[in-house]
file model.cif (mmCIF, C-alpha atoms)
data_coords
#
loop_
_atom_site.label_atom_id
_atom_site.label_comp_id
_atom_site.auth_asym_id
_atom_site.auth_seq_id
_atom_site.Cartn_x
_atom_site.Cartn_y
_atom_site.Cartn_z
CA MET A 19 -11.35 -21.72 41.28
CA ASN A 20 -14.91 -20.97 42.38
CA GLN A 21 -14.94 -17.19 42.32
CA SER A 22 -17.79 -15.31 43.92
CA ARG A 23 -18.06 -12.70 41.17
CA PRO A 24 -21.28 -13.26 39.19
CA LYS A 25 -20.56 -14.98 35.87
CA VAL A 26 -22.62 -12.48 33.85
CA LYS A 27 -20.71 -9.50 35.28
CA LYS A 28 -17.43 -11.28 34.71
CA SER A 29 -18.48 -12.11 31.14
CA ARG A 30 -19.23 -8.47 30.40
CA ALA A 31 -15.96 -7.29 31.96
CA LEU A 32 -13.96 -9.72 29.81
CA GLY A 33 -16.00 -9.30 26.64
CA ILE A 34 -16.94 -12.98 26.27
CA ALA A 35 -19.96 -15.04 27.36
CA LEU A 36 -18.74 -17.60 29.92
CA THR A 37 -22.07 -19.41 30.34
CA PRO A 38 -25.17 -19.98 28.17
CA LYS A 39 -27.10 -17.70 30.56
CA ALA A 40 -24.54 -14.94 30.03
CA VAL A 41 -25.06 -15.02 26.26
CA LYS A 42 -28.47 -13.27 26.33
CA TYR A 43 -27.37 -10.71 28.93
CA PHE A 44 -24.28 -10.08 26.89
CA GLU A 45 -26.32 -9.46 23.74
CA ALA A 46 -28.41 -6.90 25.63
CA ARG A 47 -25.44 -5.14 27.26
CA PRO A 48 -22.26 -5.72 25.27
CA TYR A 49 -20.16 -3.35 27.37
CA PRO A 50 -18.33 -3.70 30.72
CA PRO A 51 -20.35 -3.48 33.96
CA GLY A 52 -20.46 -0.42 36.18
CA GLU A 53 -21.48 3.20 35.64
CA HIS A 54 -18.42 3.86 33.45
CA GLY A 55 -18.82 0.68 31.43
CA ARG A 56 -19.75 2.52 28.25
CA GLY A 57 -17.13 5.24 28.62
CA ARG A 58 -14.02 5.45 26.50
CA LYS A 59 -11.11 3.65 28.08
CA GLN A 60 -7.41 4.24 27.61
CA THR A 61 -5.78 0.98 26.67
CA SER A 62 -2.07 0.26 27.02
CA ASP A 63 -0.27 -2.65 25.36
CA TYR A 64 0.12 -4.22 28.80
CA LYS A 65 -3.60 -3.91 29.52
CA VAL A 66 -4.54 -5.50 26.17
CA ARG A 67 -2.27 -8.50 26.87
CA LEU A 68 -3.44 -8.78 30.47
CA LEU A 69 -7.10 -8.80 29.37
CA GLU A 70 -6.42 -11.53 26.79
CA LYS A 71 -4.70 -13.65 29.44
CA GLN A 72 -7.63 -13.12 31.83
CA ARG A 73 -10.10 -14.07 29.09
CA LEU A 74 -8.28 -17.34 28.43
CA ARG A 75 -8.04 -18.09 32.16
CA ALA A 76 -11.76 -17.45 32.60
CA GLN A 77 -12.75 -19.79 29.76
CA TYR A 78 -10.98 -22.66 31.52
CA ASP A 79 -11.77 -21.34 35.04
CA ILE A 80 -8.20 -21.84 36.24
CA SER A 81 -5.96 -19.99 38.70
CA GLU A 82 -3.04 -17.78 37.72
CA ARG A 83 -0.68 -20.42 39.03
CA GLN A 84 -2.24 -23.15 36.87
CA MET A 85 -2.06 -20.84 33.86
CA ALA A 86 1.62 -20.04 34.44
CA ARG A 87 2.44 -23.75 34.77
CA ALA A 88 0.62 -24.54 31.53
CA TYR A 89 2.59 -21.75 29.82
CA ASP A 90 5.88 -23.19 31.11
CA ARG A 91 4.98 -26.61 29.69
CA ALA A 92 3.89 -25.08 26.38
CA ARG A 93 7.20 -23.24 26.02
CA LYS A 94 9.01 -26.58 25.90
CA VAL A 95 6.92 -27.86 22.99
CA GLU A 96 8.20 -27.49 19.44
CA GLY A 97 6.21 -25.07 17.30
CA LYS A 98 4.15 -22.06 18.35
CA THR A 99 4.00 -21.57 22.11
CA GLY A 100 0.55 -19.94 21.99
CA GLU A 101 -1.02 -22.84 20.12
CA ALA A 102 0.71 -25.34 22.41
CA LEU A 103 -0.70 -23.45 25.43
CA ILE A 104 -4.30 -23.74 24.19
CA VAL A 105 -3.82 -27.46 23.40
CA GLU A 106 -2.31 -27.96 26.88
CA LEU A 107 -5.36 -26.37 28.53
CA GLU A 108 -7.81 -28.19 26.28
CA ARG A 109 -6.46 -31.57 27.44
CA ARG A 110 -7.64 -30.87 30.99
CA LEU A 111 -10.27 -33.38 32.09
CA ASP A 112 -12.85 -30.74 33.02
CA ALA A 113 -12.46 -28.99 29.63
CA LEU A 114 -13.07 -32.23 27.73
CA VAL A 115 -16.07 -33.16 29.90
CA LEU A 116 -17.53 -29.80 28.81
CA ARG A 117 -16.67 -30.26 25.11
CA SER A 118 -18.20 -33.74 25.06
CA GLY A 119 -21.63 -32.42 26.08
CA ILE A 120 -21.68 -34.20 29.44
CA ALA A 121 -21.63 -30.80 31.20
CA ARG A 122 -23.28 -27.49 30.30
CA THR A 123 -20.54 -25.15 31.58
CA ILE A 124 -16.91 -25.40 32.66
CA TYR A 125 -18.08 -24.80 36.24
CA GLN A 126 -20.44 -27.77 36.11
CA ALA A 127 -17.75 -29.93 34.46
CA ARG A 128 -15.32 -29.11 37.25
CA GLN A 129 -17.93 -29.97 39.89
CA MET A 130 -18.66 -33.33 38.23
CA VAL A 131 -14.96 -34.23 38.32
CA VAL A 132 -14.31 -32.97 41.88
CA HIS A 133 -17.34 -34.87 43.22
CA GLY A 134 -15.96 -38.13 41.86
CA HIS A 135 -18.49 -38.80 39.09
CA ILE A 136 -15.90 -39.34 36.32
CA ASP A 137 -13.73 -42.35 35.43
CA VAL A 138 -10.71 -42.31 33.10
CA ASN A 139 -9.79 -45.73 31.75
CA GLY A 140 -11.94 -47.36 34.43
CA ARG A 141 -10.41 -45.47 37.38
CA LYS A 142 -11.99 -42.61 39.31
CA VAL A 143 -10.26 -39.28 38.70
CA ASP A 144 -11.30 -36.28 40.82
CA LYS A 145 -8.69 -33.76 39.64
CA PRO A 146 -10.07 -31.31 37.03
CA SER A 147 -6.48 -30.56 35.94
CA PHE A 148 -5.82 -34.23 35.02
CA ARG A 149 -4.34 -34.23 31.52
CA VAL A 150 -6.16 -36.60 29.21
CA ARG A 151 -3.99 -38.42 26.65
CA PRO A 152 -4.94 -39.73 23.21
CA ASP A 153 -6.88 -43.03 23.45
CA ASP A 154 -7.94 -42.37 27.05
CA VAL A 155 -11.60 -43.30 27.59
CA VAL A 156 -13.60 -41.04 29.91
CA MET A 157 -17.02 -41.98 31.24
CA VAL A 158 -19.51 -41.17 33.98
CA ARG A 159 -19.25 -43.70 36.80
CA GLU A 160 -21.98 -46.34 36.97
CA ARG A 161 -23.23 -45.20 40.38
CA SER A 162 -23.64 -41.57 39.20
CA ARG A 163 -25.58 -42.15 35.98
CA GLU A 164 -29.06 -41.78 37.41
CA LYS A 165 -28.37 -38.31 38.79
CA HIS A 166 -30.41 -35.60 37.05
CA PRO A 167 -27.55 -33.73 35.26
CA PHE A 168 -26.35 -36.95 33.65
CA GLN A 169 -29.87 -37.88 32.53
CA VAL A 170 -30.09 -34.46 30.85
CA ALA A 171 -26.68 -34.99 29.24
CA ARG A 172 -27.67 -38.44 27.96
CA GLU A 173 -30.59 -36.88 26.08
CA GLY A 174 -28.28 -34.29 24.50
CA GLY A 175 -29.39 -31.42 26.75
CA TYR A 176 -25.87 -30.05 27.13
CA ALA A 177 -24.55 -30.94 23.67
CA PRO A 178 -22.50 -28.08 22.21
CA ASP A 179 -23.96 -25.87 19.48
CA GLY A 180 -22.64 -27.05 16.15
CA GLU A 181 -20.62 -30.21 15.99
CA THR A 182 -18.58 -31.93 18.68
CA PRO A 183 -14.85 -31.22 18.22
CA ARG A 184 -13.27 -33.74 15.87
CA TYR A 185 -10.63 -34.83 18.37
CA LEU A 186 -13.35 -36.46 20.49
CA GLN A 187 -15.39 -39.62 19.86
CA VAL A 188 -18.53 -39.10 21.94
CA ASN A 189 -21.31 -41.52 22.89
CA LEU A 190 -23.74 -39.48 24.98
CA LYS A 191 -26.14 -42.40 25.44
CA ALA A 192 -23.29 -44.23 27.16
CA LEU A 193 -22.12 -41.00 28.86
CA ALA A 194 -18.64 -41.70 27.53
CA PHE A 195 -16.04 -40.26 25.16
CA ARG A 196 -12.53 -40.92 23.95
CA LEU A 197 -9.78 -38.45 23.08
CA ASP A 198 -8.73 -39.68 19.63
CA ARG A 199 -5.71 -37.42 19.26
CA ASP A 200 -4.24 -34.12 20.42
CA PRO A 201 -6.48 -31.23 19.36
CA ASN A 202 -5.39 -28.71 16.71
CA ARG A 203 -5.67 -25.08 17.80
CA LYS A 204 -8.13 -24.20 15.01
CA GLU A 205 -10.53 -26.92 16.22
CA ILE A 206 -10.64 -25.69 19.83
CA PRO A 207 -13.71 -23.48 20.48
CA VAL A 208 -11.92 -20.89 22.61
CA ILE A 209 -11.97 -17.14 21.93
CA CYS A 210 -8.40 -15.96 22.32
CA ASP A 211 -5.51 -14.26 20.55
CA GLU A 212 -2.98 -16.58 22.15
CA GLN A 213 -0.02 -14.60 20.80
CA LEU A 214 -0.98 -11.75 23.14
CA VAL A 215 -0.97 -14.21 26.05
CA VAL A 216 2.52 -15.39 25.10
CA GLU A 217 3.68 -11.76 24.93
CA TYR A 218 2.19 -11.15 28.39
CA TYR A 219 4.24 -13.97 29.94
CA ALA A 220 7.36 -13.27 27.88
CA ARG A 221 7.56 -9.61 28.94
#
call {"tool": "encode", "arguments": {"input": "model.cif", "output": "structure tokens"}}
result
Amino acid sequence: MNQSRPKVKKSRALGIALTPKAVKYFEARPYPPGEHGRGRKQTSDYKVRLLEKQRLRAQYDISERQMARAYDRARKVEGKTGEALIVELERRLDALVLRSGIARTIYQARQMVVHGHIDVNGRKVDKPSFRVRPDDVVMVRERSREKHPFQVAREGGYAPDGETPRYLQVNLKALAFRLDRDPNRKEIPVICDEQLVVEYYAR
């Protein structure tokens, strides 16, 4: 989903910092880009729901089609559809590579997977959308470990602020982690009112 729009501009348009670099720009200019960024905007219910859906999509860097498919799967799960949707997205391989601290951003995590640097249960997986299951073991392939980004990761250079999510067992020195169980929505570090996303798709 490599979009050409600069990440900082996109972050400001959506109201969330999508990369560590965007955080400082966002603090300096916490309003949308463009000459009318600070102006008052009329907001309809549809626009509010659309923005929330776009914010969630951006945090996982997925296409509209991937998002709609995840929503369809979430609808079939017992319980709250919105929470099931976030859990569904969080189980993507690229998302968990990011959460583990092996990658700095979702964009870097996706690149690591696509370029064939990641094994799941001892087999190479190059699909970022691969859905990791509880007890799956994910690790950087032996032949990739000496590459610079993985050396940085091994020293904790990309480790998330605060603690690693509790659904992951991470060993950065070994460049490996295991998904212990399905995440709970409240543990997932994503900024989203998922009920608005459900309302967008249910309209």
call {"tool": "residues_around", "arguments": {"input": "model.cif", "residues": "Arg203 of chain A", "least_positions_apart": "5", "cutoff": "8 Å", "atoms": "all atoms listed in the file", "output": "list in words"}}
result
Glu101, Ala102, Ile104 and Val105 of chain A
call {"tool": "resolve_selection", "arguments": {"input": "model.cif", "expression": "the PyMOL selection byres ((chain A and resi 79) around 10)", "output": "PDB file with C-alpha atoms, keeping the file's coordinate frame"}}
result
ATOM      1  CA  MET A  19     -11.350 -21.720  41.280  1.00  0.00           C
ATOM      2  CA  ASN A  20     -14.910 -20.970  42.380  1.00  0.00           C
ATOM      3  CA  GLN A  21     -14.940 -17.190  42.320  1.00  0.00           C
ATOM      4  CA  LEU A  36     -18.740 -17.600  29.920  1.00  0.00           C
ATOM      5  CA  GLN A  72      -7.630 -13.120  31.830  1.00  0.00           C
ATOM      6  CA  ARG A  73     -10.100 -14.070  29.090  1.00  0.00           C
ATOM      7  CA  LEU A  74      -8.280 -17.340  28.430  1.00  0.00           C
ATOM      8  CA  ARG A  75      -8.040 -18.090  32.160  1.00  0.00           C
ATOM      9  CA  ALA A  76     -11.760 -17.450  32.600  1.00  0.00           C
ATOM     10  CA  GLN A  77     -12.750 -19.790  29.760  1.00  0.00           C
ATOM     11  CA  TYR A  78     -10.980 -22.660  31.520  1.00  0.00           C
ATOM     12  CA  ILE A  80      -8.200 -21.840  36.240  1.00  0.00           C
ATOM     13  CA  SER A  81      -5.960 -19.990  38.700  1.00  0.00           C
ATOM     14  CA  GLU A  82      -3.040 -17.780  37.720  1.00  0.00           C
ATOM     15  CA  GLN A  84      -2.240 -23.150  36.870  1.00  0.00           C
ATOM     16  CA  MET A  85      -2.060 -20.840  33.860  1.00  0.00           C
ATOM     17  CA  ASP A 112     -12.850 -30.740  33.020  1.00  0.00           C
ATOM     18  CA  ALA A 113     -12.460 -28.990  29.630  1.00  0.00           C
ATOM     19  CA  ILE A 124     -16.910 -25.400  32.660  1.00  0.00           C
ATOM     20  CA  TYR A 125     -18.080 -24.800  36.240  1.00  0.00           C
ATOM     21  CA  ARG A 128     -15.320 -29.110  37.250  1.00  0.00           C
TER      22      ARG A 128
END
call {"tool": "residues_around", "arguments": {"input": "model.cif", "residues": "Gly100 of chain A", "least_positions_apart": "4", "cutoff": "8 Å", "atoms": "all atoms listed in the file", "output": "list in words"}}
result
Ala92, Ile104, Glu212, Gln213, Val215 and Val216 of chain A
call {"tool": "atom_distance", "arguments": {"input": "model.cif", "atom1": "atom CA of Phe148 of chain A", "atom2": "atom CA of Val115 of chain A"}}
result
11.5 Å
call {"tool": "closest_residue", "arguments": {"input": "model.cif", "among": "A:Asp153, A:Gln187, A:Pro146, A:Leu107", "to": "Arg87 of chain A", "atoms": "all atoms listed in the file"}}
result
A:Leu107
call {"tool": "build_atoms", "arguments": {"input": "model.cif", "residues": "segment 111-129 of chain A", "atoms": "N, CA, C and O atoms", "output": "mmCIF file, keeping the file's coordinate frame"}}
result
data_model
loop_
_atom_site.group_PDB
_atom_site.id
_atom_site.type_symbol
_atom_site.label_atom_id
_atom_site.label_comp_id
_atom_site.auth_asym_id
_atom_site.auth_seq_id
_atom_site.Cartn_x
_atom_site.Cartn_y
_atom_site.Cartn_z
ATOM 1 N N LEU A 111 -9.100 -32.503 32.006
ATOM 2 C CA LEU A 111 -10.270 -33.380 32.090
ATOM 3 C C LEU A 111 -11.567 -32.573 32.124
ATOM 4 O O LEU A 111 -12.530 -32.894 31.417
ATOM 5 N N ASP A 112 -11.600 -31.499 32.930
ATOM 6 C CA ASP A 112 -12.850 -30.740 33.020
ATOM 7 C C ASP A 112 -13.210 -30.079 31.678
ATOM 8 O O ASP A 112 -14.379 -30.027 31.294
ATOM 9 N N ALA A 113 -12.205 -29.618 30.934
ATOM 10 C CA ALA A 113 -12.460 -28.990 29.630
ATOM 11 C C ALA A 113 -13.075 -29.999 28.660
ATOM 12 O O ALA A 113 -14.025 -29.684 27.926
ATOM 13 N N LEU A 114 -12.567 -31.223 28.662
ATOM 14 C CA LEU A 114 -13.070 -32.230 27.730
ATOM 15 C C LEU A 114 -14.448 -32.758 28.140
ATOM 16 O O LEU A 114 -15.268 -33.093 27.280
ATOM 17 N N VAL A 115 -14.718 -32.798 29.441
ATOM 18 C CA VAL A 115 -16.070 -33.160 29.900
ATOM 19 C C VAL A 115 -17.077 -32.125 29.375
ATOM 20 O O VAL A 115 -18.168 -32.467 28.925
ATOM 21 N N LEU A 116 -16.677 -30.852 29.377
ATOM 22 C CA LEU A 116 -17.530 -29.800 28.810
ATOM 23 C C LEU A 116 -17.699 -29.981 27.307
ATOM 24 O O LEU A 116 -18.819 -29.977 26.789
ATOM 25 N N ARG A 117 -16.604 -30.147 26.587
ATOM 26 C CA ARG A 117 -16.670 -30.260 25.110
ATOM 27 C C ARG A 117 -17.514 -31.451 24.663
ATOM 28 O O ARG A 117 -18.152 -31.415 23.619
ATOM 29 N N SER A 118 -17.493 -32.515 25.454
ATOM 30 C CA SER A 118 -18.200 -33.740 25.060
ATOM 31 C C SER A 118 -19.718 -33.584 25.125
ATOM 32 O O SER A 118 -20.454 -34.355 24.522
ATOM 33 N N GLY A 119 -20.191 -32.587 25.895
ATOM 34 C CA GLY A 119 -21.630 -32.420 26.080
ATOM 35 C C GLY A 119 -22.159 -33.092 27.337
ATOM 36 O O GLY A 119 -23.358 -33.133 27.575
ATOM 37 N N ILE A 120 -21.244 -33.608 28.171
ATOM 38 C CA ILE A 120 -21.680 -34.200 29.440
ATOM 39 C C ILE A 120 -21.992 -33.106 30.461
ATOM 40 O O ILE A 120 -22.819 -33.285 31.349
ATOM 41 N N ALA A 121 -21.357 -31.946 30.314
ATOM 42 C CA ALA A 121 -21.630 -30.800 31.200
ATOM 43 C C ALA A 121 -22.045 -29.599 30.365
ATOM 44 O O ALA A 121 -21.695 -29.482 29.190
ATOM 45 N N ARG A 122 -22.769 -28.677 30.999
ATOM 46 C CA ARG A 122 -23.280 -27.490 30.300
ATOM 47 C C ARG A 122 -22.279 -26.339 30.333
ATOM 48 O O ARG A 122 -22.202 -25.540 29.404
ATOM 49 N N THR A 123 -21.525 -26.227 31.433
ATOM 50 C CA THR A 123 -20.540 -25.150 31.580
ATOM 51 C C THR A 123 -19.251 -25.725 32.153
ATOM 52 O O THR A 123 -19.243 -26.838 32.697
ATOM 53 N N ILE A 124 -18.185 -24.948 32.090
ATOM 54 C CA ILE A 124 -16.910 -25.400 32.660
ATOM 55 C C ILE A 124 -17.034 -25.546 34.175
ATOM 56 O O ILE A 124 -16.403 -26.413 34.782
ATOM 57 N N TYR A 125 -17.902 -24.733 34.789
ATOM 58 C CA TYR A 125 -18.080 -24.800 36.240
ATOM 59 C C TYR A 125 -18.760 -26.111 36.630
ATOM 60 O O TYR A 125 -18.391 -26.752 37.616
ATOM 61 N N GLN A 126 -19.755 -26.500 35.845
ATOM 62 C CA GLN A 126 -20.440 -27.770 36.110
ATOM 63 C C GLN A 126 -19.502 -28.950 35.846
ATOM 64 O O GLN A 126 -19.486 -29.921 36.605
ATOM 65 N N ALA A 127 -18.699 -28.851 34.788
ATOM 66 C CA ALA A 127 -17.750 -29.930 34.460
ATOM 67 C C ALA A 127 -16.762 -30.136 35.604
ATOM 68 O O ALA A 127 -16.482 -31.264 36.012
ATOM 69 N N ARG A 128 -16.261 -29.030 36.134
ATOM 70 C CA ARG A 128 -15.320 -29.110 37.250
ATOM 71 C C ARG A 128 -15.962 -29.783 38.459
ATOM 72 O O ARG A 128 -15.370 -30.637 39.110
ATOM 73 N N GLN A 129 -17.211 -29.393 38.745
ATOM 74 C CA GLN A 129 -17.930 -29.970 39.890
ATOM 75 C C GLN A 129 -18.121 -31.478 39.710
ATOM 76 O O GLN A 129 -17.942 -32.253 40.661
#
